[in-house]
>>> print(open('my_file.cif').read())   # mmCIF, C-alpha atoms
data_protein
#
loop_
_atom_site.group_PDB
_atom_site.id
_atom_site.type_symbol
_atom_site.label_atom_id
_atom_site.label_comp_id
_atom_site.auth_asym_id
_atom_site.auth_seq_id
_atom_site.Cartn_x
_atom_site.Cartn_y
_atom_site.Cartn_z
ATOM 1 C CA MET A 1 111.889 121.736 111.477
ATOM 2 C CA PHE A 2 114.428 118.925 111.843
ATOM 3 C CA LYS A 3 111.593 116.532 112.724
ATOM 4 C CA TYR A 4 109.802 117.345 109.469
ATOM 5 C CA ILE A 5 112.966 116.857 107.422
ATOM 6 C CA VAL A 6 113.422 113.421 109.008
ATOM 7 C CA LEU A 7 109.774 112.524 108.344
ATOM 8 C CA ILE A 8 110.021 113.690 104.726
ATOM 9 C CA LEU A 9 113.118 111.519 104.250
ATOM 10 C CA LEU A 10 111.365 108.575 105.934
ATOM 11 C CA SER A 11 108.311 109.027 103.690
ATOM 12 C CA TYR A 12 110.535 109.015 100.624
ATOM 13 C CA LEU A 13 112.339 105.866 101.787
ATOM 14 C CA ILE A 14 109.039 104.073 102.464
ATOM 15 C CA GLY A 15 107.885 105.082 98.986
ATOM 16 C CA SER A 16 111.151 103.729 97.589
ATOM 17 C CA ILE A 17 110.374 100.184 98.766
ATOM 18 C CA PRO A 18 109.867 98.550 95.318
ATOM 19 C CA PHE A 19 106.968 96.187 95.984
ATOM 20 C CA SER A 20 106.251 95.625 92.294
ATOM 21 C CA TYR A 21 109.903 94.860 91.587
ATOM 22 C CA LEU A 22 110.101 92.510 94.596
ATOM 23 C CA THR A 23 106.845 90.768 93.662
ATOM 24 C CA ALA A 24 108.160 90.061 90.153
ATOM 25 C CA LYS A 25 111.472 88.818 91.564
ATOM 26 C CA ILE A 26 109.824 86.496 94.088
ATOM 27 C CA MET A 27 106.922 85.214 91.963
ATOM 28 C CA GLY A 28 108.498 85.203 88.519
ATOM 29 C CA ASN A 29 112.231 85.316 89.172
ATOM 30 C CA ILE A 30 112.505 88.238 86.756
ATOM 31 C CA ASP A 31 113.564 91.881 86.788
ATOM 32 C CA ILE A 32 110.270 93.488 85.804
ATOM 33 C CA ARG A 33 112.181 96.428 84.299
ATOM 34 C CA ASN A 34 113.307 94.119 81.497
ATOM 35 C CA TYR A 35 109.765 93.101 80.518
ATOM 36 C CA GLY A 36 106.662 94.710 79.084
ATOM 37 C CA SER A 37 106.779 98.479 79.348
ATOM 38 C CA GLY A 38 109.973 98.358 81.411
ATOM 39 C CA ASN A 39 108.126 100.099 84.214
ATOM 40 C CA SER A 40 108.477 98.769 87.767
ATOM 41 C CA GLY A 41 104.824 99.274 88.643
ATOM 42 C CA ALA A 42 101.834 97.067 89.392
ATOM 43 C CA THR A 43 100.299 97.338 85.904
ATOM 44 C CA ASN A 44 103.443 95.995 84.250
ATOM 45 C CA VAL A 45 103.534 93.158 86.782
ATOM 46 C CA LEU A 46 99.886 92.409 85.940
ATOM 47 C CA ARG A 47 100.560 92.324 82.203
ATOM 48 C CA THR A 48 103.737 90.263 82.561
ATOM 49 C CA LEU A 49 102.962 87.805 85.375
ATOM 50 C CA GLY A 50 99.177 87.776 85.623
ATOM 51 C CA LYS A 51 96.418 88.810 87.994
ATOM 52 C CA LYS A 52 97.742 87.283 91.223
ATOM 53 C CA ALA A 53 101.170 88.900 90.972
ATOM 54 C CA GLY A 54 99.616 92.140 89.739
ATOM 55 C CA PHE A 55 97.230 92.222 92.705
ATOM 56 C CA ILE A 56 100.019 91.591 95.238
ATOM 57 C CA ALA A 57 102.174 94.308 93.662
ATOM 58 C CA PHE A 58 99.225 96.713 93.695
ATOM 59 C CA VAL A 59 98.461 96.040 97.362
ATOM 60 C CA GLY A 60 102.085 96.664 98.339
ATOM 61 C CA ASP A 61 102.324 99.914 96.394
ATOM 62 C CA PHE A 62 98.897 101.068 97.608
ATOM 63 C CA THR A 63 99.588 100.218 101.251
ATOM 64 C CA LYS A 64 102.792 102.233 101.543
ATOM 65 C CA GLY A 65 100.931 105.341 100.347
ATOM 66 C CA PHE A 66 97.913 104.651 102.525
ATOM 67 C CA SER A 67 99.913 104.003 105.699
ATOM 68 C CA VAL A 68 102.071 107.133 105.405
ATOM 69 C CA ALA A 69 99.060 109.338 104.639
ATOM 70 C CA LEU A 70 96.843 107.922 107.372
ATOM 71 C CA ILE A 71 99.489 107.992 110.107
ATOM 72 C CA ALA A 72 100.593 111.512 109.181
ATOM 73 C CA LYS A 73 97.004 112.785 109.037
ATOM 74 C CA SER A 74 96.035 111.266 112.397
ATOM 75 C CA THR A 75 99.146 112.563 114.187
ATOM 76 C CA LEU A 76 100.027 115.828 112.435
ATOM 77 C CA GLY A 77 96.924 116.879 110.484
ATOM 78 C CA VAL A 78 96.050 117.149 106.800
ATOM 79 C CA ASP A 79 98.384 120.044 105.972
ATOM 80 C CA ALA A 80 101.458 118.085 107.048
ATOM 81 C CA ALA A 81 100.109 114.782 105.720
ATOM 82 C CA VAL A 82 99.874 116.028 102.130
ATOM 83 C CA ILE A 83 103.591 116.884 102.200
ATOM 84 C CA PHE A 84 104.596 113.425 103.411
ATOM 85 C CA SER A 85 102.137 111.851 100.963
ATOM 86 C CA ALA A 86 103.783 113.672 98.074
ATOM 87 C CA PHE A 87 107.193 112.356 99.132
ATOM 88 C CA VAL A 88 106.008 108.756 99.440
ATOM 89 C CA VAL A 89 104.741 108.989 95.843
ATOM 90 C CA LEU A 90 108.009 110.582 94.699
ATOM 91 C CA GLY A 91 109.856 107.749 96.438
ATOM 92 C CA HIS A 92 107.787 105.224 94.506
ATOM 93 C CA CYS A 93 108.429 106.931 91.166
ATOM 94 C CA TYR A 94 112.107 107.673 91.818
ATOM 95 C CA PRO A 95 113.237 104.962 94.269
ATOM 96 C CA ILE A 96 116.757 105.178 95.592
ATOM 97 C CA PHE A 97 116.863 101.361 95.733
ATOM 98 C CA LEU A 98 116.309 101.026 91.958
ATOM 99 C CA LYS A 99 118.555 103.848 90.761
ATOM 100 C CA PHE A 100 115.568 106.239 90.715
ATOM 101 C CA LYS A 101 113.651 104.236 88.079
ATOM 102 C CA GLY A 102 110.293 103.324 89.564
ATOM 103 C CA GLY A 103 106.609 103.148 88.757
ATOM 104 C CA LYS A 104 104.165 105.802 87.617
ATOM 105 C CA GLY A 105 102.642 106.427 91.020
ATOM 106 C CA VAL A 106 99.011 105.465 90.457
ATOM 107 C CA ALA A 107 98.639 102.785 93.152
ATOM 108 C CA THR A 108 100.691 104.729 95.695
ATOM 109 C CA THR A 109 98.826 107.960 94.967
ATOM 110 C CA GLY A 110 95.576 106.031 95.335
ATOM 111 C CA GLY A 111 96.728 104.816 98.732
ATOM 112 C CA THR A 112 97.450 108.364 99.883
ATOM 113 C CA ILE A 113 94.037 109.553 98.676
ATOM 114 C CA PHE A 114 92.286 106.825 100.664
ATOM 115 C CA GLY A 115 94.375 107.730 103.708
ATOM 116 C CA LEU A 116 93.645 111.448 103.413
ATOM 117 C CA TYR A 117 90.117 111.668 101.967
ATOM 118 C CA PRO A 118 88.451 108.215 101.565
ATOM 119 C CA LEU A 119 85.309 109.501 99.803
ATOM 120 C CA ILE A 120 87.357 110.944 96.952
ATOM 121 C CA GLY A 121 89.332 107.713 96.839
ATOM 122 C CA ILE A 122 86.137 105.681 96.457
ATOM 123 C CA ILE A 123 84.799 107.941 93.693
ATOM 124 C CA LEU A 124 88.062 107.777 91.741
ATOM 125 C CA LEU A 125 88.318 104.011 92.219
ATOM 126 C CA VAL A 126 84.810 103.491 90.810
ATOM 127 C CA ILE A 127 85.677 105.673 87.801
ATOM 128 C CA LEU A 128 88.951 103.796 87.268
ATOM 129 C CA ILE A 129 87.272 100.377 87.478
ATOM 130 C CA LEU A 130 84.507 101.366 85.042
ATOM 131 C CA ILE A 131 86.974 102.709 82.473
ATOM 132 C CA VAL A 132 89.144 99.577 82.731
ATOM 133 C CA LYS A 133 86.057 97.370 82.454
ATOM 134 C CA PHE A 134 84.856 99.030 79.251
ATOM 135 C CA THR A 135 88.203 99.788 77.567
ATOM 136 C CA ARG A 136 90.658 97.304 79.159
ATOM 137 C CA ILE A 137 93.233 100.121 79.029
ATOM 138 C CA VAL A 138 94.690 100.763 82.493
ATOM 139 C CA SER A 139 96.646 103.843 81.432
ATOM 140 C CA LEU A 140 93.497 105.555 80.100
ATOM 141 C CA ALA A 141 91.756 104.879 83.413
ATOM 142 C CA SER A 142 94.756 106.150 85.385
ATOM 143 C CA ILE A 143 95.052 109.342 83.338
ATOM 144 C CA SER A 144 91.310 109.979 83.580
ATOM 145 C CA ALA A 145 91.366 109.532 87.356
ATOM 146 C CA ALA A 146 94.383 111.858 87.630
ATOM 147 C CA VAL A 147 92.598 114.574 85.641
ATOM 148 C CA LEU A 148 89.402 114.184 87.674
ATOM 149 C CA PHE A 149 91.237 114.113 91.026
ATOM 150 C CA PRO A 150 91.510 117.916 91.480
ATOM 151 C CA ILE A 151 88.088 118.535 89.924
ATOM 152 C CA ILE A 152 86.366 116.198 92.391
ATOM 153 C CA SER A 153 88.435 117.612 95.259
ATOM 154 C CA ILE A 154 87.254 121.130 94.421
ATOM 155 C CA LEU A 155 83.613 120.051 93.957
ATOM 156 C CA LEU A 156 83.630 118.315 97.358
ATOM 157 C CA LYS A 157 85.232 121.376 98.976
ATOM 158 C CA ALA A 158 88.214 119.465 100.314
ATOM 159 C CA PRO A 159 90.712 121.333 102.525
ATOM 160 C CA ARG A 160 92.833 123.819 100.604
ATOM 161 C CA SER A 161 96.062 121.898 101.199
ATOM 162 C CA PHE A 162 94.436 118.749 99.826
ATOM 163 C CA ILE A 163 93.263 120.625 96.717
ATOM 164 C CA TYR A 164 96.840 121.796 96.119
ATOM 165 C CA TYR A 165 97.942 118.195 96.603
ATOM 166 C CA SER A 166 95.356 116.979 94.088
ATOM 167 C CA LEU A 167 96.516 119.525 91.516
ATOM 168 C CA PHE A 168 100.182 118.578 91.969
ATOM 169 C CA LEU A 169 99.682 114.798 92.038
ATOM 170 C CA GLY A 170 97.079 114.832 89.276
ATOM 171 C CA ALA A 171 99.455 116.704 86.978
ATOM 172 C CA PHE A 172 102.405 114.558 88.055
ATOM 173 C CA VAL A 173 100.612 111.271 87.300
ATOM 174 C CA VAL A 174 99.575 112.591 83.869
ATOM 175 C CA TYR A 175 103.204 113.612 83.232
ATOM 176 C CA LYS A 176 104.424 110.129 84.193
ATOM 177 C CA HIS A 177 102.046 108.723 81.564
ATOM 178 C CA LYS A 178 103.348 110.841 78.671
ATOM 179 C CA SER A 179 104.533 107.777 76.725
ATOM 180 C CA ASN A 180 101.132 106.127 77.294
ATOM 181 C CA ILE A 181 99.379 109.255 76.035
ATOM 182 C CA ASN A 182 101.431 109.064 72.832
ATOM 183 C CA ARG A 183 100.454 105.404 72.354
ATOM 184 C CA LEU A 184 96.795 106.191 73.098
ATOM 185 C CA ILE A 185 96.832 108.894 70.424
ATOM 186 C CA HIS A 186 98.300 106.456 67.899
ATOM 187 C CA GLY A 187 96.037 103.565 68.968
ATOM 188 C CA THR A 188 98.909 101.307 70.010
ATOM 189 C CA GLU A 189 98.402 101.201 73.788
ATOM 190 C CA SER A 190 98.304 97.724 75.320
ATOM 191 C CA LYS A 191 95.106 96.269 76.730
ATOM 192 C CA ILE A 192 94.770 93.853 79.637
ATOM 193 C CA LYS A 193 92.853 90.591 79.704
ATOM 194 C CA LEU A 194 89.909 90.647 82.112
#
>>> encode(input="my_file.cif", output="structure tokens")
Amino acid sequence: MFKYIVLILLSYLIGSIPFSYLTAKIMGNIDIRNYGSGNSGATNVLRTLGKKAGFIAFVGDFTKGFSVALIAKSTLGVDAAVIFSAFVVLGHCYPIFLKFKGGKGVATTGGTIFGLYPLIGIILLVILILIVKFTRIVSLASISAAVLFPIISILLKAPRSFIYYSLFLGAFVVYKHKSNINRLIHGTESKIKL
């Protein structure tokens, strides 16, 4: 039991590493929380500092989720891995290093999905890319992928623990986008340049 508590704490701390914040500091000498949406996530870095910085921030946030999920799955199995995956995402969204004000969890959640169930990750990534391509609205793509995450998991008969994970993370990502949903309803959501 103590081992799992330590691993949960470690997963949270890894998730708390603020790659998007660090990328903006290093590449733009800015505190990303003071720009754009005020969110310390890869999309805000993309909008504020451009594609290169946005890509680097995304890779960092994605990789911490992917590495925790993959290592946990290969050593402890899927049931344990979904728990640690949830905590790495929570660490990203509520990082101790940034006074618990982090990103919205999309890139890190995506990393965990690829680490746990790559086929579902590929399907969701294709959906996300297509929606961004046709609408240029990242939040709409992220929300759509979050809603479809548990549906696709159920259709592909993923392990029960993974389905529970998809329900929890799907709902959590939608919740983190509540301000975006309000702007989408009112037609004021920002678009990205492709």
>>> resolve_selection(input="my_file.cif", expression="the PyMOL selection byres ((chain A and resi 171) around 12)", output="list of chain:residue names")
A:Lys104, A:Gly105, A:Val106, A:Thr109, A:Ser142, A:Ile143, A:Ser144, A:Ala145, A:Ala146, A:Val147, A:Leu148, A:Phe149, A:Pro150, A:Ile151, A:Tyr164, A:Tyr165, A:Ser166, A:Leu167, A:Phe168, A:Leu169, A:Gly170, A:Phe172, A:Val173, A:Val174, A:Tyr175, A:Lys176, A:His177, A:Lys178
>>> closest_residue(input="my_file.cif", among="A:Ser139, A:Ser179, A:Thr112, A:Ser190", to="A:Arg47", atoms="all atoms listed in the file")
A:Ser190
>>> atom_distance(input="my_file.cif", atom1="atom CA of A:Glu189", atom2="atom CA of A:Ile152")
26.8 Å
>>> atom_distance(input="my_file.cif", atom1="atom CA of A:Arg136", atom2="atom CA of A:Lys193")
7.1 Å
>>> closest_residue(input="my_file.cif", among="A:Leu155, A:Leu98, A:Val88, A:Val126", to="A:Arg33", atoms="all atoms listed in the file")
A:Leu98
>>> resolve_selection(input="my_file.cif", expression="the PyMOL selection byres ((chain A and resi 89) around 12)", output="PyMOL selection string")
chain A and resi 8+11-18+61-66+68-69+82-88+90-95+102-113+165+168-170+172-173+176
>>> closest_residue(input="my_file.cif", among="A:Leu46, A:Leu22, A:Leu116, A:Ile181", to="A:Gly77", atoms="only C-alpha atoms")
A:Leu116
>>> atom_distance(input="my_file.cif", atom1="atom CA of A:Ile192", atom2="atom CA of A:Val59")
18.2 Å
>>> closest_residue(input="my_file.cif", among="A:Lys25, A:Asp79, A:Asn44, A:Phe114", to="A:Arg160", atoms="all atoms listed in the file")
A:Asp79
>>> closest_residue(input="my_file.cif", among="A:Asn29, A:Ser153, A:Thr188, A:Ser161", to="A:Thr48", atoms="all atoms listed in the file")
A:Asn29
>>> closest_residue(input="my_file.cif", among="A:Asn39, A:Ile122, A:Phe97, A:Lys73", to="A:Phe162", atoms="all atoms listed in the file")
A:Lys73
>>> decode(input="my_file.cif", residues="stretch 48-164 of chain A", atoms="C-alpha atoms", output="PDB file, in the first residue's frame")
ATOM      1  CA  THR A  48       0.847  33.375 -27.902  1.00  0.00           C
ATOM      2  CA  LEU A  49       4.283  32.300 -29.165  1.00  0.00           C
ATOM      3  CA  GLY A  50       3.585  30.382 -32.363  1.00  0.00           C
ATOM      4  CA  LYS A  51       3.803  26.868 -33.742  1.00  0.00           C
ATOM      5  CA  LYS A  52       7.354  25.982 -32.683  1.00  0.00           C
ATOM      6  CA  ALA A  53       6.849  26.902 -29.032  1.00  0.00           C
ATOM      7  CA  GLY A  54       3.378  25.357 -29.062  1.00  0.00           C
ATOM      8  CA  PHE A  55       4.752  22.092 -30.458  1.00  0.00           C
ATOM      9  CA  ILE A  56       7.547  21.912 -27.860  1.00  0.00           C
ATOM     10  CA  ALA A  57       5.081  22.608 -25.041  1.00  0.00           C
ATOM     11  CA  PHE A  58       2.722  19.952 -26.404  1.00  0.00           C
ATOM     12  CA  VAL A  59       5.478  17.336 -26.632  1.00  0.00           C
ATOM     13  CA  GLY A  60       6.540  17.993 -23.038  1.00  0.00           C
ATOM     14  CA  ASP A  61       3.004  17.783 -21.677  1.00  0.00           C
ATOM     15  CA  PHE A  62       2.205  14.720 -23.806  1.00  0.00           C
ATOM     16  CA  THR A  63       5.409  12.891 -22.879  1.00  0.00           C
ATOM     17  CA  LYS A  64       4.936  13.111 -19.119  1.00  0.00           C
ATOM     18  CA  GLY A  65       1.511  11.466 -19.468  1.00  0.00           C
ATOM     19  CA  PHE A  66       2.752   8.875 -21.932  1.00  0.00           C
ATOM     20  CA  SER A  67       5.805   7.881 -19.885  1.00  0.00           C
ATOM     21  CA  VAL A  68       3.909   7.447 -16.606  1.00  0.00           C
ATOM     22  CA  ALA A  69       1.140   5.437 -18.280  1.00  0.00           C
ATOM     23  CA  LEU A  70       3.452   3.204 -20.294  1.00  0.00           C
ATOM     24  CA  ILE A  71       5.855   2.445 -17.443  1.00  0.00           C
ATOM     25  CA  ALA A  72       3.015   1.767 -15.006  1.00  0.00           C
ATOM     26  CA  LYS A  73       1.184  -0.465 -17.493  1.00  0.00           C
ATOM     27  CA  SER A  74       4.281  -2.512 -18.362  1.00  0.00           C
ATOM     28  CA  THR A  75       5.295  -3.026 -14.719  1.00  0.00           C
ATOM     29  CA  LEU A  76       2.028  -3.084 -12.762  1.00  0.00           C
ATOM     30  CA  GLY A  77      -0.746  -3.685 -15.309  1.00  0.00           C
ATOM     31  CA  VAL A  78      -3.611  -1.606 -16.677  1.00  0.00           C
ATOM     32  CA  ASP A  79      -5.659  -1.454 -13.469  1.00  0.00           C
ATOM     33  CA  ALA A  80      -2.839   0.235 -11.559  1.00  0.00           C
ATOM     34  CA  ALA A  81      -1.721   2.292 -14.562  1.00  0.00           C
ATOM     35  CA  VAL A  82      -5.062   4.088 -14.898  1.00  0.00           C
ATOM     36  CA  ILE A  83      -4.748   5.314 -11.299  1.00  0.00           C
ATOM     37  CA  PHE A  84      -1.266   6.734 -11.848  1.00  0.00           C
ATOM     38  CA  SER A  85      -2.376   8.166 -15.200  1.00  0.00           C
ATOM     39  CA  ALA A  86      -5.211  10.032 -13.511  1.00  0.00           C
ATOM     40  CA  PHE A  87      -2.778  11.552 -11.011  1.00  0.00           C
ATOM     41  CA  VAL A  88      -0.314  12.675 -13.682  1.00  0.00           C
ATOM     42  CA  VAL A  89      -3.187  14.529 -15.386  1.00  0.00           C
ATOM     43  CA  LEU A  90      -4.312  16.025 -12.065  1.00  0.00           C
ATOM     44  CA  GLY A  91      -0.720  17.131 -11.487  1.00  0.00           C
ATOM     45  CA  HIS A  92      -0.723  18.875 -14.856  1.00  0.00           C
ATOM     46  CA  CYS A  93      -4.015  20.657 -14.172  1.00  0.00           C
ATOM     47  CA  TYR A  94      -3.240  21.509 -10.542  1.00  0.00           C
ATOM     48  CA  PRO A  95       0.576  21.711 -10.373  1.00  0.00           C
ATOM     49  CA  ILE A  96       2.134  22.288  -6.992  1.00  0.00           C
ATOM     50  CA  PHE A  97       4.941  24.242  -8.698  1.00  0.00           C
ATOM     51  CA  LEU A  98       2.514  26.852 -10.101  1.00  0.00           C
ATOM     52  CA  LYS A  99       0.250  27.266  -7.077  1.00  0.00           C
ATOM     53  CA  PHE A 100      -2.162  24.656  -8.496  1.00  0.00           C
ATOM     54  CA  LYS A 101      -2.969  26.698 -11.628  1.00  0.00           C
ATOM     55  CA  GLY A 102      -2.115  24.560 -14.630  1.00  0.00           C
ATOM     56  CA  GLY A 103      -3.394  23.518 -18.026  1.00  0.00           C
ATOM     57  CA  LYS A 104      -6.597  21.802 -19.078  1.00  0.00           C
ATOM     58  CA  GLY A 105      -5.111  18.340 -19.386  1.00  0.00           C
ATOM     59  CA  VAL A 106      -5.659  17.562 -23.064  1.00  0.00           C
ATOM     60  CA  ALA A 107      -2.053  16.876 -24.114  1.00  0.00           C
ATOM     61  CA  THR A 108      -1.235  14.994 -20.913  1.00  0.00           C
ATOM     62  CA  THR A 109      -4.434  12.949 -21.110  1.00  0.00           C
ATOM     63  CA  GLY A 110      -3.589  12.192 -24.734  1.00  0.00           C
ATOM     64  CA  GLY A 111      -0.186  10.943 -23.638  1.00  0.00           C
ATOM     65  CA  THR A 112      -1.742   8.593 -21.091  1.00  0.00           C
ATOM     66  CA  ILE A 113      -4.187   7.244 -23.684  1.00  0.00           C
ATOM     67  CA  PHE A 114      -1.341   6.448 -26.079  1.00  0.00           C
ATOM     68  CA  GLY A 115       0.552   4.771 -23.241  1.00  0.00           C
ATOM     69  CA  LEU A 116      -2.434   2.689 -22.149  1.00  0.00           C
ATOM     70  CA  TYR A 117      -4.383   1.967 -25.351  1.00  0.00           C
ATOM     71  CA  PRO A 118      -2.612   3.296 -28.507  1.00  0.00           C
ATOM     72  CA  LEU A 119      -5.433   2.418 -30.937  1.00  0.00           C
ATOM     73  CA  ILE A 120      -7.883   4.642 -29.077  1.00  0.00           C
ATOM     74  CA  GLY A 121      -5.223   7.338 -28.958  1.00  0.00           C
ATOM     75  CA  ILE A 122      -4.796   7.195 -32.737  1.00  0.00           C
ATOM     76  CA  ILE A 123      -8.554   7.357 -33.363  1.00  0.00           C
ATOM     77  CA  LEU A 124      -8.985  10.349 -31.051  1.00  0.00           C
ATOM     78  CA  LEU A 125      -5.954  12.106 -32.536  1.00  0.00           C
ATOM     79  CA  VAL A 126      -7.353  11.756 -36.069  1.00  0.00           C
ATOM     80  CA  ILE A 127     -10.705  13.158 -34.898  1.00  0.00           C
ATOM     81  CA  LEU A 128      -8.976  16.044 -33.107  1.00  0.00           C
ATOM     82  CA  ILE A 129      -6.822  16.912 -36.133  1.00  0.00           C
ATOM     83  CA  LEU A 130      -9.798  16.845 -38.519  1.00  0.00           C
ATOM     84  CA  ILE A 131     -11.890  19.116 -36.292  1.00  0.00           C
ATOM     85  CA  VAL A 132      -9.005  21.586 -35.884  1.00  0.00           C
ATOM     86  CA  LYS A 133      -8.360  21.511 -39.632  1.00  0.00           C
ATOM     87  CA  PHE A 134     -11.957  22.364 -40.517  1.00  0.00           C
ATOM     88  CA  THR A 135     -12.838  24.720 -37.638  1.00  0.00           C
ATOM     89  CA  ARG A 136      -9.448  26.030 -36.404  1.00  0.00           C
ATOM     90  CA  ILE A 137     -10.916  25.837 -32.884  1.00  0.00           C
ATOM     91  CA  VAL A 138      -8.704  23.706 -30.627  1.00  0.00           C
ATOM     92  CA  SER A 139     -11.126  23.751 -27.699  1.00  0.00           C
ATOM     93  CA  LEU A 140     -13.960  22.341 -29.843  1.00  0.00           C
ATOM     94  CA  ALA A 141     -11.669  19.525 -30.978  1.00  0.00           C
ATOM     95  CA  SER A 142     -10.539  18.843 -27.405  1.00  0.00           C
ATOM     96  CA  ILE A 143     -14.090  18.763 -26.043  1.00  0.00           C
ATOM     97  CA  SER A 144     -15.250  16.520 -28.887  1.00  0.00           C
ATOM     98  CA  ALA A 145     -12.390  14.088 -28.283  1.00  0.00           C
ATOM     99  CA  ALA A 146     -13.137  14.070 -24.538  1.00  0.00           C
ATOM    100  CA  VAL A 147     -16.800  13.232 -25.170  1.00  0.00           C
ATOM    101  CA  LEU A 148     -15.909  10.504 -27.672  1.00  0.00           C
ATOM    102  CA  PHE A 149     -13.181   9.003 -25.456  1.00  0.00           C
ATOM    103  CA  PRO A 150     -15.490   6.807 -23.312  1.00  0.00           C
ATOM    104  CA  ILE A 151     -17.769   6.004 -26.257  1.00  0.00           C
ATOM    105  CA  ILE A 152     -14.872   4.674 -28.343  1.00  0.00           C
ATOM    106  CA  SER A 153     -13.460   2.846 -25.315  1.00  0.00           C
ATOM    107  CA  ILE A 154     -16.774   1.046 -24.812  1.00  0.00           C
ATOM    108  CA  LEU A 155     -17.176   0.255 -28.534  1.00  0.00           C
ATOM    109  CA  LEU A 156     -13.669  -1.251 -28.656  1.00  0.00           C
ATOM    110  CA  LYS A 157     -14.363  -3.269 -25.494  1.00  0.00           C
ATOM    111  CA  ALA A 158     -11.424  -1.835 -23.587  1.00  0.00           C
ATOM    112  CA  PRO A 159     -10.672  -3.234 -20.109  1.00  0.00           C
ATOM    113  CA  ARG A 160     -13.214  -2.186 -17.500  1.00  0.00           C
ATOM    114  CA  SER A 161     -10.708  -0.102 -15.539  1.00  0.00           C
ATOM    115  CA  PHE A 162      -9.793   1.777 -18.713  1.00  0.00           C
ATOM    116  CA  ILE A 163     -13.473   2.464 -19.453  1.00  0.00           C
ATOM    117  CA  TYR A 164     -13.863   3.934 -15.958  1.00  0.00           C
TER     118      TYR A 164
END
